[in-house]
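Remarks on the structure that follows.
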Amino acid sequence: MRSTISLRRVAILLVVTSIAGLGPNPAAAQPCVDDDRYRQFDFWIGSWEVFNPDDQRVGTNAITMDEEGCVLIERWTGAQGSTGTSINYFDPSTATWKQRWAASAGYLVELDGGLDGEAMLLEGHLIQPDGSRQPMRGRWAQLDDGRVRQHFEVRDSTKTWSTWFDGYYVRMGAD
């Protein structure tokens with residue numbers, strides 16, 4: 001008798017909290033999966049070998065989807081041993097994509113933006129270990145042959161943009 005009363009109380013509590021919006025809501029369990037804005041950067045997901053414009057291998061990069069499709073996690077390993085990690089996500093409050101990067105060399109990257117045609121264009125700052133900031137922009141474009149080009153530029157004090165990184169991503173295992 002006592003366990004029956006307890007089960008009834010639990011059931012009533014679940015119904016009340018669900019009605020009040022406090023309990024689990026199956027319809028909202030994965031809000032990022034069905035919203036196309038969260039899928040705009042999916043072309044970058046995968047395991048990649050990265051080459052410079054001279055076709056020299058400069059590292060590997062793994063981009064994975066996490067948090068029920070709400071974020072992309074990047075894990076970079078450079079050919080010389082450098083590493084870095086970024087979190088990339090769509091912010092619905094500003095309708096922009098954000099990238100926050102931290103590297104083993106101590107620098108940070110903070111970029112915001114969105115789709116520019118078929119490419120992802122993010123702009124912000126490269127932050128050095130001493131705290132100095134430099135304007136930076138990055139562009140990710142899926143190429144017709146299946147590769148992805150990632151091109152970063154920084155702006156100097158004369159307001160001139162120059163290439164900071166230019167990488168061509170080739171899917172691992174692709175022939």
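Numbering starts fresh at 1 for the residues of each chain in the structure tokens, the chains themselves are lettered A, B, ... in the order given, and ligands are numbered from 1 as they appear.
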
Polymer residues at most 7 Å from Ser86 of chain A, only C-alpha atoms, same-chain spacing of 6 or more positions, as a list in words: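 Skipping anything fewer than 6 positions along the chain leaves Ile73, Glu74, Arg75, Gln99, Arg100, Trp101 and Ala102 of chain A.
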
Please, which residues of chain A, numbered as in this document, come out alpha helix (DSSP H) from DSSP, as a list in words? Arg2, Ser3, Thr4, Ile5, Ser6, Leu7, Arg8, Arg9, Val10, Ala11, Ile12, Leu13, Leu14, Val15, Val16, Thr17, Ser18 and Ile19 of chain A

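Distance-wise, atom CA of Arg39 of chain A and atom CA of Leu143 of chain A end up 17.6 Å apart.
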
Please measure the separation of atom CA of Asp166 of chain A and atom CA of Arg139 of chain A, giving the value in Å to one decimal.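 Atom-to-atom, atom CA of Asp166 of chain A to atom CA of Arg139 of chain A, that is 9.7 Å.
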
Quote the spacing between atom CA of Asp112 of chain A and atom CA of Glu153 of chain A in Å to one decimal place.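 Interatomic distance here is 14.3 Å.
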
Skip Gln30 of chain A itself and residues of its chain fewer than 6 positions away, then list as JSON, numbers by chain all residues within 9 Å of it, counting only C-alpha atoms. {"A": [67, 68, 69, 70]}

If we count only C-alpha atoms, what is near Lys98 of chain A at a cut-off of 8 Å, once residues fewer than 6 positions away on the same chain are taken out, given as JSON, numbers by chain? {"A": [88, 89, 90, 91, 110, 111, 112, 113, 122]}

Generate a file of the selected residues that holds N, CA, C and O atoms, formatted as a PDB file, in the first residue's frame.
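Dumped to selection20.pdb:
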ATOM      1  N   ASN A  88      33.250  25.351 -31.419  1.00  0.00           N
ATOM      2  CA  ASN A  88      32.560  26.127 -32.444  1.00  0.00           C
ATOM      3  C   ASN A  88      31.064  25.906 -32.242  1.00  0.00           C
ATOM      4  O   ASN A  88      30.614  24.765 -32.125  1.00  0.00           O
ATOM      5  N   TYR A  89      30.298  26.996 -32.219  1.00  0.00           N
ATOM      6  CA  TYR A  89      28.875  26.853 -31.951  1.00  0.00           C
ATOM      7  C   TYR A  89      28.091  28.013 -32.530  1.00  0.00           C
ATOM      8  O   TYR A  89      28.619  29.116 -32.725  1.00  0.00           O
ATOM      9  N   PHE A  90      26.835  27.735 -32.806  1.00  0.00           N
ATOM     10  CA  PHE A  90      25.914  28.759 -33.264  1.00  0.00           C
ATOM     11  C   PHE A  90      25.245  29.367 -32.049  1.00  0.00           C
ATOM     12  O   PHE A  90      24.721  28.657 -31.192  1.00  0.00           O
ATOM     13  N   ASP A  91      25.273  30.691 -31.963  1.00  0.00           N
ATOM     14  CA  ASP A  91      24.651  31.414 -30.858  1.00  0.00           C
ATOM     15  C   ASP A  91      23.324  31.983 -31.357  1.00  0.00           C
ATOM     16  O   ASP A  91      23.312  32.947 -32.134  1.00  0.00           O
ATOM     17  N   GLU A 110      39.525  34.291 -30.965  1.00  0.00           N
ATOM     18  CA  GLU A 110      38.099  34.534 -30.729  1.00  0.00           C
ATOM     19  C   GLU A 110      37.510  35.096 -32.010  1.00  0.00           C
ATOM     20  O   GLU A 110      37.863  36.208 -32.412  1.00  0.00           O
ATOM     21  N   LEU A 111      36.647  34.316 -32.656  1.00  0.00           N
ATOM     22  CA  LEU A 111      36.064  34.710 -33.935  1.00  0.00           C
ATOM     23  C   LEU A 111      34.548  34.555 -33.904  1.00  0.00           C
ATOM     24  O   LEU A 111      34.031  33.634 -33.269  1.00  0.00           O
ATOM     25  N   ASP A 112      33.860  35.435 -34.614  1.00  0.00           N
ATOM     26  CA  ASP A 112      32.403  35.397 -34.740  1.00  0.00           C
ATOM     27  C   ASP A 112      32.036  35.674 -36.190  1.00  0.00           C
ATOM     28  O   ASP A 112      32.738  36.417 -36.873  1.00  0.00           O
ATOM     29  N   GLY A 113      30.939  35.116 -36.653  1.00  0.00           N
ATOM     30  CA  GLY A 113      30.481  35.390 -38.013  1.00  0.00           C
ATOM     31  C   GLY A 113      29.438  34.413 -38.466  1.00  0.00           C
ATOM     32  O   GLY A 113      28.615  33.949 -37.677  1.00  0.00           O
ATOM     33  N   LEU A 122      34.473  33.954 -40.384  1.00  0.00           N
ATOM     34  CA  LEU A 122      34.467  34.398 -38.988  1.00  0.00           C
ATOM     35  C   LEU A 122      35.557  35.444 -38.813  1.00  0.00           C
ATOM     36  O   LEU A 122      36.661  35.314 -39.370  1.00  0.00           O
TER      37      LEU A 122
END

Using backbone DSSP assignments, extract all strand (DSSP E or B) residues from segment 59-93 of chain A; output them as a count of residues only. 25

Write out as a list in words the residues lying within 7 Å of Val58 of chain A, counting only C-alpha atoms and excluding same-chain residues fewer than 2 positions away.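 Close residues of Val58 of chain A: Val50, Phe51, Asn52, Gln56, Gly78 and Ala79 of chain A.
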